[in-house]
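Asks: Dropping in upload.pdb, which is PDB, C-alpha atoms, pLDDT in the B column:
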```pdb
ATOM      1  CA  MET A   1     157.721 126.633  99.965  1.00 83.00           C
ATOM      2  CA  THR A   2     158.798 125.206 103.321  1.00 89.00           C
ATOM      3  CA  SER A   3     155.438 123.572 104.069  1.00 92.00           C
ATOM      4  CA  SER A   4     154.516 122.707 100.443  1.00 91.00           C
ATOM      5  CA  LYS A   5     151.032 124.074 101.097  1.00 92.00           C
ATOM      6  CA  ILE A   6     149.020 126.145  98.621  1.00 90.00           C
ATOM      7  CA  ILE A   7     148.470 129.585 100.174  1.00 85.00           C
ATOM      8  CA  THR A   8     145.715 130.664  97.808  1.00 86.00           C
ATOM      9  CA  THR A   9     144.247 129.861  94.399  1.00 88.00           C
ATOM     10  CA  LEU A  10     143.315 132.694  92.060  1.00 88.00           C
ATOM     11  CA  ALA A  11     140.386 132.329  89.664  1.00 85.00           C
ATOM     12  CA  ALA A  12     142.137 134.425  87.051  1.00 86.00           C
ATOM     13  CA  HIS A  13     141.060 133.470  83.530  1.00 90.00           C
ATOM     14  CA  SER A  14     138.629 131.393  81.517  1.00 88.00           C
ATOM     15  CA  ASP A  15     141.374 130.202  79.137  1.00 91.00           C
ATOM     16  CA  PRO A  16     144.892 128.856  79.797  1.00 92.00           C
ATOM     17  CA  VAL A  17     147.232 131.166  81.727  1.00 94.00           C
ATOM     18  CA  SER A  18     150.340 131.558  79.575  1.00 93.00           C
ATOM     19  CA  THR A  19     152.526 133.963  81.572  1.00 94.00           C
ATOM     20  CA  LEU A  20     153.063 135.425  85.067  1.00 94.00           C
ATOM     21  CA  SER A  21     155.142 138.177  86.635  1.00 94.00           C
ATOM     22  CA  VAL A  22     155.576 139.055  90.320  1.00 93.00           C
ATOM     23  CA  SER A  23     156.288 142.649  91.344  1.00 90.00           C
ATOM     24  CA  TRP A  24     159.695 143.459  92.778  1.00 85.00           C
ATOM     25  CA  ASP A  25     158.210 144.152  96.223  1.00 88.00           C
ATOM     26  CA  ASP A  26     156.106 140.938  96.163  1.00 88.00           C
ATOM     27  CA  SER A  27     152.871 142.936  96.473  1.00 91.00           C
ATOM     28  CA  MET A  28     151.309 142.075  93.096  1.00 93.00           C
ATOM     29  CA  ILE A  29     151.123 139.339  90.533  1.00 94.00           C
ATOM     30  CA  ILE A  30     150.332 139.984  86.864  1.00 95.00           C
ATOM     31  CA  SER A  31     148.868 137.196  84.759  1.00 95.00           C
ATOM     32  CA  GLY A  32     148.323 136.949  81.010  1.00 94.00           C
ATOM     33  CA  SER A  33     146.121 134.468  79.212  1.00 93.00           C
ATOM     34  CA  TRP A  34     144.955 133.134  75.865  1.00 92.00           C
ATOM     35  CA  ASP A  35     141.722 135.022  76.538  1.00 90.00           C
ATOM     36  CA  GLY A  36     143.590 138.254  75.698  1.00 90.00           C
ATOM     37  CA  LEU A  37     143.346 139.628  79.238  1.00 91.00           C
ATOM     38  CA  MET A  38     145.970 140.767  81.720  1.00 94.00           C
ATOM     39  CA  ARG A  39     144.940 140.739  85.358  1.00 95.00           C
ATOM     40  CA  ILE A  40     146.679 142.385  88.314  1.00 95.00           C
ATOM     41  CA  PHE A  41     146.184 140.753  91.718  1.00 95.00           C
ATOM     42  CA  ASP A  42     146.995 141.956  95.218  1.00 94.00           C
ATOM     43  CA  LEU A  43     149.024 139.123  96.726  1.00 90.00           C
ATOM     44  CA  GLU A  44     148.008 139.957 100.289  1.00 90.00           C
ATOM     45  CA  THR A  45     144.239 139.993  99.710  1.00 92.00           C
ATOM     46  CA  SER A  46     144.109 137.794  96.552  1.00 91.00           C
ATOM     47  CA  GLN A  47     141.772 140.395  95.031  1.00 93.00           C
ATOM     48  CA  CYS A  48     141.895 141.328  91.347  1.00 93.00           C
ATOM     49  CA  LEU A  49     142.893 144.993  91.301  1.00 93.00           C
ATOM     50  CA  LYS A  50     142.529 145.537  87.568  1.00 93.00           C
ATOM     51  CA  THR A  51     141.854 143.808  84.256  1.00 92.00           C
ATOM     52  CA  LEU A  52     143.654 145.196  81.221  1.00 92.00           C
ATOM     53  CA  THR A  53     142.736 144.595  77.585  1.00 86.00           C
ATOM     54  CA  TYR A  54     143.963 146.203  74.413  1.00 80.00           C
ATOM     55  CA  ASN A  55     141.323 148.354  72.775  1.00 70.00           C
ATOM     56  CA  GLY A  56     141.823 149.415  69.158  1.00 61.00           C
ATOM     57  CA  THR A  57     140.277 152.845  69.748  1.00 55.00           C
ATOM     58  CA  SER A  58     141.580 153.904  73.150  1.00 49.00           C
ATOM     59  CA  HIS A  59     144.885 151.961  73.015  1.00 53.00           C
ATOM     60  CA  GLY A  60     144.201 150.252  76.324  1.00 55.00           C
ATOM     61  CA  THR A  61     141.322 149.879  78.732  1.00 58.00           C
ATOM     62  CA  ALA A  62     140.508 148.500  82.159  1.00 54.00           C
ATOM     63  CA  THR A  63     137.235 146.995  80.964  1.00 54.00           C
ATOM     64  CA  ALA A  64     136.533 144.119  78.611  1.00 47.00           C
ATOM     65  CA  SER A  65     133.030 145.031  77.485  1.00 48.00           C
ATOM     66  CA  THR A  66     133.665 147.234  74.444  1.00 45.00           C
ATOM     67  CA  SER A  67     133.211 145.882  70.944  1.00 51.00           C
ATOM     68  CA  ASP A  68     136.659 146.818  69.646  1.00 52.00           C
ATOM     69  CA  VAL A  69     138.692 144.903  72.236  1.00 57.00           C
ATOM     70  CA  ILE A  70     141.539 143.033  70.519  1.00 62.00           C
ATOM     71  CA  SER A  71     141.633 139.648  72.211  1.00 77.00           C
ATOM     72  CA  TYR A  72     144.802 138.080  70.835  1.00 88.00           C
ATOM     73  CA  PRO A  73     146.436 135.684  73.343  1.00 92.00           C
ATOM     74  CA  ILE A  74     148.891 137.295  75.765  1.00 94.00           C
ATOM     75  CA  SER A  75     152.188 135.416  75.532  1.00 93.00           C
ATOM     76  CA  ASN A  76     154.425 137.341  77.946  1.00 94.00           C
ATOM     77  CA  VAL A  77     154.150 139.901  80.759  1.00 96.00           C
ATOM     78  CA  VAL A  78     156.918 141.437  82.860  1.00 95.00           C
ATOM     79  CA  LEU A  79     156.890 144.369  85.286  1.00 93.00           C
ATOM     80  CA  SER A  80     159.404 147.206  84.931  1.00 91.00           C
ATOM     81  CA  PRO A  81     162.115 147.650  87.598  1.00 86.00           C
ATOM     82  CA  ASN A  82     160.312 150.629  89.155  1.00 86.00           C
ATOM     83  CA  GLY A  83     156.956 148.814  89.133  1.00 88.00           C
ATOM     84  CA  LYS A  84     155.186 151.474  87.048  1.00 91.00           C
ATOM     85  CA  TYR A  85     154.996 149.745  83.656  1.00 94.00           C
ATOM     86  CA  ILE A  86     154.094 146.364  82.224  1.00 95.00           C
ATOM     87  CA  LEU A  87     155.798 144.983  79.131  1.00 96.00           C
ATOM     88  CA  SER A  88     153.451 142.629  77.282  1.00 95.00           C
ATOM     89  CA  SER A  89     153.730 140.459  74.187  1.00 95.00           C
ATOM     90  CA  SER A  90     150.692 139.160  72.346  1.00 93.00           C
ATOM     91  CA  LEU A  91     150.097 136.931  69.360  1.00 94.00           C
ATOM     92  CA  ASP A  92     149.000 139.795  67.136  1.00 92.00           C
ATOM     93  CA  GLY A  93     152.744 140.276  66.601  1.00 93.00           C
ATOM     94  CA  PHE A  94     153.500 143.309  68.815  1.00 94.00           C
ATOM     95  CA  VAL A  95     155.247 144.077  72.095  1.00 96.00           C
ATOM     96  CA  ARG A  96     153.630 146.854  74.135  1.00 95.00           C
ATOM     97  CA  LEU A  97     154.638 148.992  77.097  1.00 96.00           C
ATOM     98  CA  TRP A  98     151.713 149.762  79.415  1.00 95.00           C
ATOM     99  CA  ASP A  99     151.203 152.511  81.950  1.00 94.00           C
ATOM    100  CA  TYR A 100     148.880 150.204  83.831  1.00 92.00           C
ATOM    101  CA  MET A 101     147.841 152.809  86.406  1.00 91.00           C
ATOM    102  CA  ASP A 102     146.434 154.884  83.532  1.00 90.00           C
ATOM    103  CA  ASN A 103     145.089 151.806  81.678  1.00 87.00           C
ATOM    104  CA  ARG A 104     146.831 152.584  78.412  1.00 89.00           C
ATOM    105  CA  VAL A 105     149.601 151.571  76.049  1.00 92.00           C
ATOM    106  CA  ILE A 106     152.324 154.216  75.749  1.00 93.00           C
ATOM    107  CA  LYS A 107     154.755 152.409  73.415  1.00 94.00           C
ATOM    108  CA  THR A 108     154.237 149.791  70.707  1.00 94.00           C
ATOM    109  CA  TYR A 109     157.271 147.899  69.384  1.00 95.00           C
ATOM    110  CA  HIS A 110     157.310 146.457  65.865  1.00 94.00           C
ATOM    111  CA  GLY A 111     159.306 143.770  64.127  1.00 93.00           C
ATOM    112  CA  ILE A 112     161.883 144.132  61.353  1.00 91.00           C
ATOM    113  CA  SER A 113     161.158 147.113  59.070  1.00 84.00           C
ATOM    114  CA  GLY A 114     158.010 147.765  61.077  1.00 82.00           C
ATOM    115  CA  LYS A 115     156.160 145.109  59.076  1.00 78.00           C
ATOM    116  CA  GLU A 116     157.204 141.637  60.166  1.00 87.00           C
ATOM    117  CA  ALA A 117     155.374 140.326  63.230  1.00 92.00           C
ATOM    118  CA  ILE A 118     157.425 139.700  66.358  1.00 95.00           C
ATOM    119  CA  SER A 119     155.452 136.660  67.487  1.00 93.00           C
ATOM    120  CA  GLU A 120     152.195 135.295  66.124  1.00 93.00           C
ATOM    121  CA  LYS A 121     152.690 131.557  66.673  1.00 93.00           C
ATOM    122  CA  TYR A 122     154.937 131.004  69.696  1.00 92.00           C
ATOM    123  CA  ASN A 123     155.179 132.423  73.210  1.00 91.00           C
ATOM    124  CA  CYS A 124     158.365 134.475  72.832  1.00 93.00           C
ATOM    125  CA  GLY A 125     159.656 136.001  76.066  1.00 93.00           C
ATOM    126  CA  ALA A 126     160.656 139.662  76.526  1.00 96.00           C
ATOM    127  CA  ARG A 127     162.667 141.457  79.228  1.00 95.00           C
ATOM    128  CA  PHE A 128     163.946 144.890  80.244  1.00 94.00           C
ATOM    129  CA  ILE A 129     167.706 145.405  79.844  1.00 91.00           C
ATOM    130  CA  VAL A 130     168.607 147.280  83.005  1.00 80.00           C
ATOM    131  CA  GLY A 131     172.420 147.160  83.098  1.00 73.00           C
ATOM    132  CA  THR A 132     172.854 149.849  80.459  1.00 78.00           C
ATOM    133  CA  ASP A 133     172.966 153.637  80.292  1.00 78.00           C
ATOM    134  CA  ARG A 134     169.934 153.796  78.035  1.00 82.00           C
ATOM    135  CA  THR A 135     166.988 151.562  78.834  1.00 87.00           C
ATOM    136  CA  MET A 136     166.290 148.838  76.289  1.00 92.00           C
ATOM    137  CA  ILE A 137     164.037 145.827  75.911  1.00 95.00           C
ATOM    138  CA  VAL A 138     164.811 142.474  74.337  1.00 96.00           C
ATOM    139  CA  SER A 139     162.432 139.905  72.900  1.00 97.00           C
ATOM    140  CA  GLY A 140     162.504 136.610  71.123  1.00 95.00           C
ATOM    141  CA  SER A 141     160.559 136.251  67.892  1.00 95.00           C
ATOM    142  CA  ASP A 142     159.027 133.688  65.561  1.00 94.00           C
ATOM    143  CA  ARG A 143     161.373 134.245  62.615  1.00 92.00           C
ATOM    144  CA  SER A 144     163.703 137.203  63.313  1.00 93.00           C
ATOM    145  CA  GLY A 145     165.742 135.779  66.188  1.00 94.00           C
ATOM    146  CA  VAL A 146     166.652 138.067  69.102  1.00 95.00           C
ATOM    147  CA  LEU A 147     165.537 141.707  68.805  1.00 95.00           C
ATOM    148  CA  VAL A 148     166.561 144.649  71.012  1.00 95.00           C
ATOM    149  CA  TRP A 149     164.751 148.015  71.012  1.00 95.00           C
ATOM    150  CA  ASP A 150     165.530 151.388  72.523  1.00 93.00           C
ATOM    151  CA  VAL A 151     162.629 151.978  74.934  1.00 93.00           C
ATOM    152  CA  GLN A 152     162.229 155.645  74.046  1.00 92.00           C
ATOM    153  CA  SER A 153     162.741 155.727  70.279  1.00 93.00           C
ATOM    154  CA  LYS A 154     161.301 152.216  69.635  1.00 94.00           C
ATOM    155  CA  GLU A 155     164.126 151.659  67.135  1.00 94.00           C
ATOM    156  CA  ILE A 156     165.703 148.219  66.821  1.00 94.00           C
ATOM    157  CA  VAL A 157     169.293 148.715  68.003  1.00 91.00           C
ATOM    158  CA  TYR A 158     170.427 145.092  67.761  1.00 91.00           C
ATOM    159  CA  GLY A 159     169.275 141.875  66.154  1.00 92.00           C
ATOM    160  CA  TYR A 160     170.620 138.341  66.004  1.00 92.00           C
ATOM    161  CA  ASN A 161     169.030 135.935  63.549  1.00 90.00           C
ATOM    162  CA  ASN A 162     169.581 132.370  64.649  1.00 79.00           C
ATOM    163  CA  GLY A 163     168.450 130.848  61.379  1.00 81.00           C
ATOM    164  CA  ASN A 164     164.761 131.715  61.329  1.00 76.00           C
ATOM    165  CA  ASP A 165     163.795 129.302  64.119  1.00 90.00           C
ATOM    166  CA  ALA A 166     161.695 130.714  66.940  1.00 94.00           C
ATOM    167  CA  VAL A 167     163.473 132.209  69.977  1.00 96.00           C
ATOM    168  CA  LEU A 168     161.183 131.127  72.807  1.00 95.00           C
ATOM    169  CA  GLU A 169     162.724 132.864  75.821  1.00 95.00           C
ATOM    170  CA  VAL A 170     165.294 135.499  76.765  1.00 96.00           C
ATOM    171  CA  ASP A 171     166.817 136.637  80.043  1.00 95.00           C
ATOM    172  CA  VAL A 172     169.406 139.234  80.945  1.00 92.00           C
ATOM    173  CA  ASN A 173     171.561 140.520  83.812  1.00 88.00           C
ATOM    174  CA  ASP A 174     174.264 143.192  84.098  1.00 81.00           C
ATOM    175  CA  GLU A 175     176.765 141.246  82.013  1.00 85.00           C
ATOM    176  CA  VAL A 176     175.073 138.779  79.675  1.00 90.00           C
ATOM    177  CA  LEU A 177     171.942 138.150  77.642  1.00 93.00           C
ATOM    178  CA  VAL A 178     170.803 134.565  77.065  1.00 96.00           C
ATOM    179  CA  SER A 179     168.280 133.138  74.636  1.00 96.00           C
ATOM    180  CA  CYS A 180     166.870 129.698  73.972  1.00 96.00           C
ATOM    181  CA  SER A 181     165.338 128.635  70.693  1.00 95.00           C
ATOM    182  CA  ARG A 182     163.192 125.929  69.185  1.00 94.00           C
ATOM    183  CA  ASP A 183     166.235 124.336  67.523  1.00 92.00           C
ATOM    184  CA  GLY A 184     167.525 123.270  70.962  1.00 94.00           C
ATOM    185  CA  ILE A 185     170.269 125.906  71.232  1.00 93.00           C
ATOM    186  CA  VAL A 186     171.006 128.275  74.125  1.00 95.00           C
ATOM    187  CA  ASN A 187     172.983 131.358  73.093  1.00 94.00           C
ATOM    188  CA  VAL A 188     174.886 133.549  75.563  1.00 95.00           C
ATOM    189  CA  PHE A 189     175.688 137.125  74.512  1.00 93.00           C
ATOM    190  CA  GLU A 190     178.026 139.540  76.284  1.00 90.00           C
ATOM    191  CA  LEU A 191     176.501 142.992  76.614  1.00 84.00           C
ATOM    192  CA  ASN A 192     178.378 145.568  74.571  1.00 81.00           C
ATOM    193  CA  PRO A 193     180.592 147.587  76.959  1.00 78.00           C
ATOM    194  CA  ALA A 194     179.586 150.763  75.109  1.00 74.00           C
ATOM    195  CA  TYR A 195     176.054 150.352  76.456  1.00 70.00           C
ATOM    196  CA  LYS A 196     176.892 149.296  79.993  1.00 68.00           C
ATOM    197  CA  LYS A 197     176.154 151.644  82.835  1.00 62.00           C
ATOM    198  CA  ARG A 198     179.128 153.437  84.334  1.00 53.00           C
ATOM    199  CA  LYS A 199     178.010 152.308  87.767  1.00 45.00           C
ATOM    200  CA  LEU A 200     176.199 148.993  87.661  1.00 39.00           C
ATOM    201  CA  SER A 201     174.943 149.554  91.198  1.00 41.00           C
ATOM    202  CA  GLU A 202     172.785 152.467  90.011  1.00 41.00           C
ATOM    203  CA  GLU A 203     169.061 151.815  89.745  1.00 45.00           C
ATOM    204  CA  VAL A 204     167.600 152.086  86.267  1.00 45.00           C
ATOM    205  CA  ASP A 205     165.445 155.193  86.003  1.00 58.00           C
ATOM    206  CA  MET A 206     162.295 154.153  84.156  1.00 63.00           C
ATOM    207  CA  ASN A 207     160.783 157.504  85.145  1.00 62.00           C
ATOM    208  CA  THR A 208     162.435 159.010  82.068  1.00 63.00           C
ATOM    209  CA  VAL A 209     160.203 157.029  79.704  1.00 71.00           C
ATOM    210  CA  ASP A 210     158.164 159.348  77.510  1.00 70.00           C
ATOM    211  CA  ASN A 211     154.624 158.737  78.724  1.00 69.00           C
ATOM    212  CA  THR A 212     152.998 160.111  75.581  1.00 66.00           C
ATOM    213  CA  ARG A 213     150.691 157.648  73.874  1.00 62.00           C
ATOM    214  CA  ASP A 214     151.832 156.368  70.506  1.00 60.00           C
ATOM    215  CA  ASN A 215     149.859 157.649  67.547  1.00 45.00           C
ATOM    216  CA  THR A 216     149.669 154.244  65.855  1.00 40.00           C
ATOM    217  CA  PRO A 217     146.684 152.317  64.499  1.00 34.00           C
ATOM    218  CA  PHE A 218     147.650 149.250  66.496  1.00 30.00           C
TER
END
```
Mind turning the file's structure into structure tokens?

Replies:
Amino acid sequence: MTSSKIITTLAAHSDPVSTLSVSWDDSMIISGSWDGLMRIFDLETSQCLKTLTYNGTSHGTATASTSDVISYPISNVVLSPNGKYILSSSLDGFVRLWDYMDNRVIKTYHGISGKEAISEKYNCGARFIVGTDRTMIVSGSDRSGVLVWDVQSKEIVYGYNNGNDAVLEVDVNDEVLVSCSRDGIVNVFELNPAYKKRKLSEEVDMNTVDNTRDNTPF
């Protein structure tokens, strides 16, 4: 940043790169693309460590050569606070939690009533909510506004419909959640005190996530 020089250029995808996430220790970068691939790069060597695709049979794979790979565009990727999981959104309408070391999806999050797609048209951001006693995730959506799920149970615990216009991005800290939508509005929400951690300085323990693969057809 100080010299304005490009350090390295990564040949990551054949289609547009739609989303990026840098690991908390600055060792990795995760990219997602319209080609349906997620790639993990070592920032020190610039080498691609792994390519992840969603496979309808194995619920995740590190190869892209099988015939049942689902290649919907990846619209959002973000790494968990402990660096062990990737949260991804794709334009097939689902948000997925990946154990990327094991190359598989362990949780799949659905829209309202389990039927309505989360995002099929727009890149709708998603984040981990880390300032709470129970770990949650939040995502924007095409038509359902802001949605919040319990990470473990996958149940929607909160929703805010902004009038059926797409919520394009969300962000969160220990006190507030913010969203921006296609109608030009930024909403700021105060986190419910009932969910806040007793000690905000505590690190969120993502190690308690049930690592059992979902038995879903998605």

Asks: Nearest residue to A:Asp35 out of A:Ser90, A:Asn55, A:Thr8, A:Thr135, using only C-alpha atoms?

Replies: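 Of A:Ser90, A:Asn55, A:Thr8, A:Thr135, the one nearest A:Asp35 is A:Ser90, counting only C-alpha atoms.
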
Asks: Measuring atom to atom with all atoms listed in the file, identify which of A:Cys48, A:Ile156, A:Ile118, A:Val209 is nearest to A:His13.

Replies: A:Cys48

Asks: To one decimal place in Å, what is the distance between atom CA of A:Ser27 and atom CA of A:Phe41?

Replies: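 Value for the atom CA of A:Ser27-atom CA of A:Phe41 distance: 8.5 Å.
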
Asks: Which residues are close to stretch 170-175 of chain A, i.e. within 12 Å by only C-alpha atoms, leaving aside same-chain residues fewer than 3 positions away? Reply as number ranges by chain.

Replies: A: 76, 78, 123-133, 136-141, 145-148, 166-167, 178-181, 186-193, 195-204

Asks: Which residue, A:Ala194, A:Ala117, A:Ile185, A:Leu37, has the smallest gap to A:Glu169 when you use all atoms listed in the file?

Replies: A:Ile185

Asks: Please write as a PyMOL selection string the full residue list that the PyMOL selection byres ((chain A and resi 18) around 12) yields on this file.

Replies: chain A and resi 12-17+19-21+30-38+73-77+88-91+122-125

Asks: Smallest atom-to-atom distance to A:Val105: which of A:Lys50, A:Asp26, A:Asp183, A:Ile86, using all atoms listed in the file?

Replies: A:Ile86

Asks: Between A:Ser71, A:Asn103, A:Ser80, A:Thr2, which residue has the minimum interatomic distance to A:Leu49, considering all atoms listed in the file?

Replies: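 With all atoms listed in the file as the atom set, the closest residue is A:Asn103.
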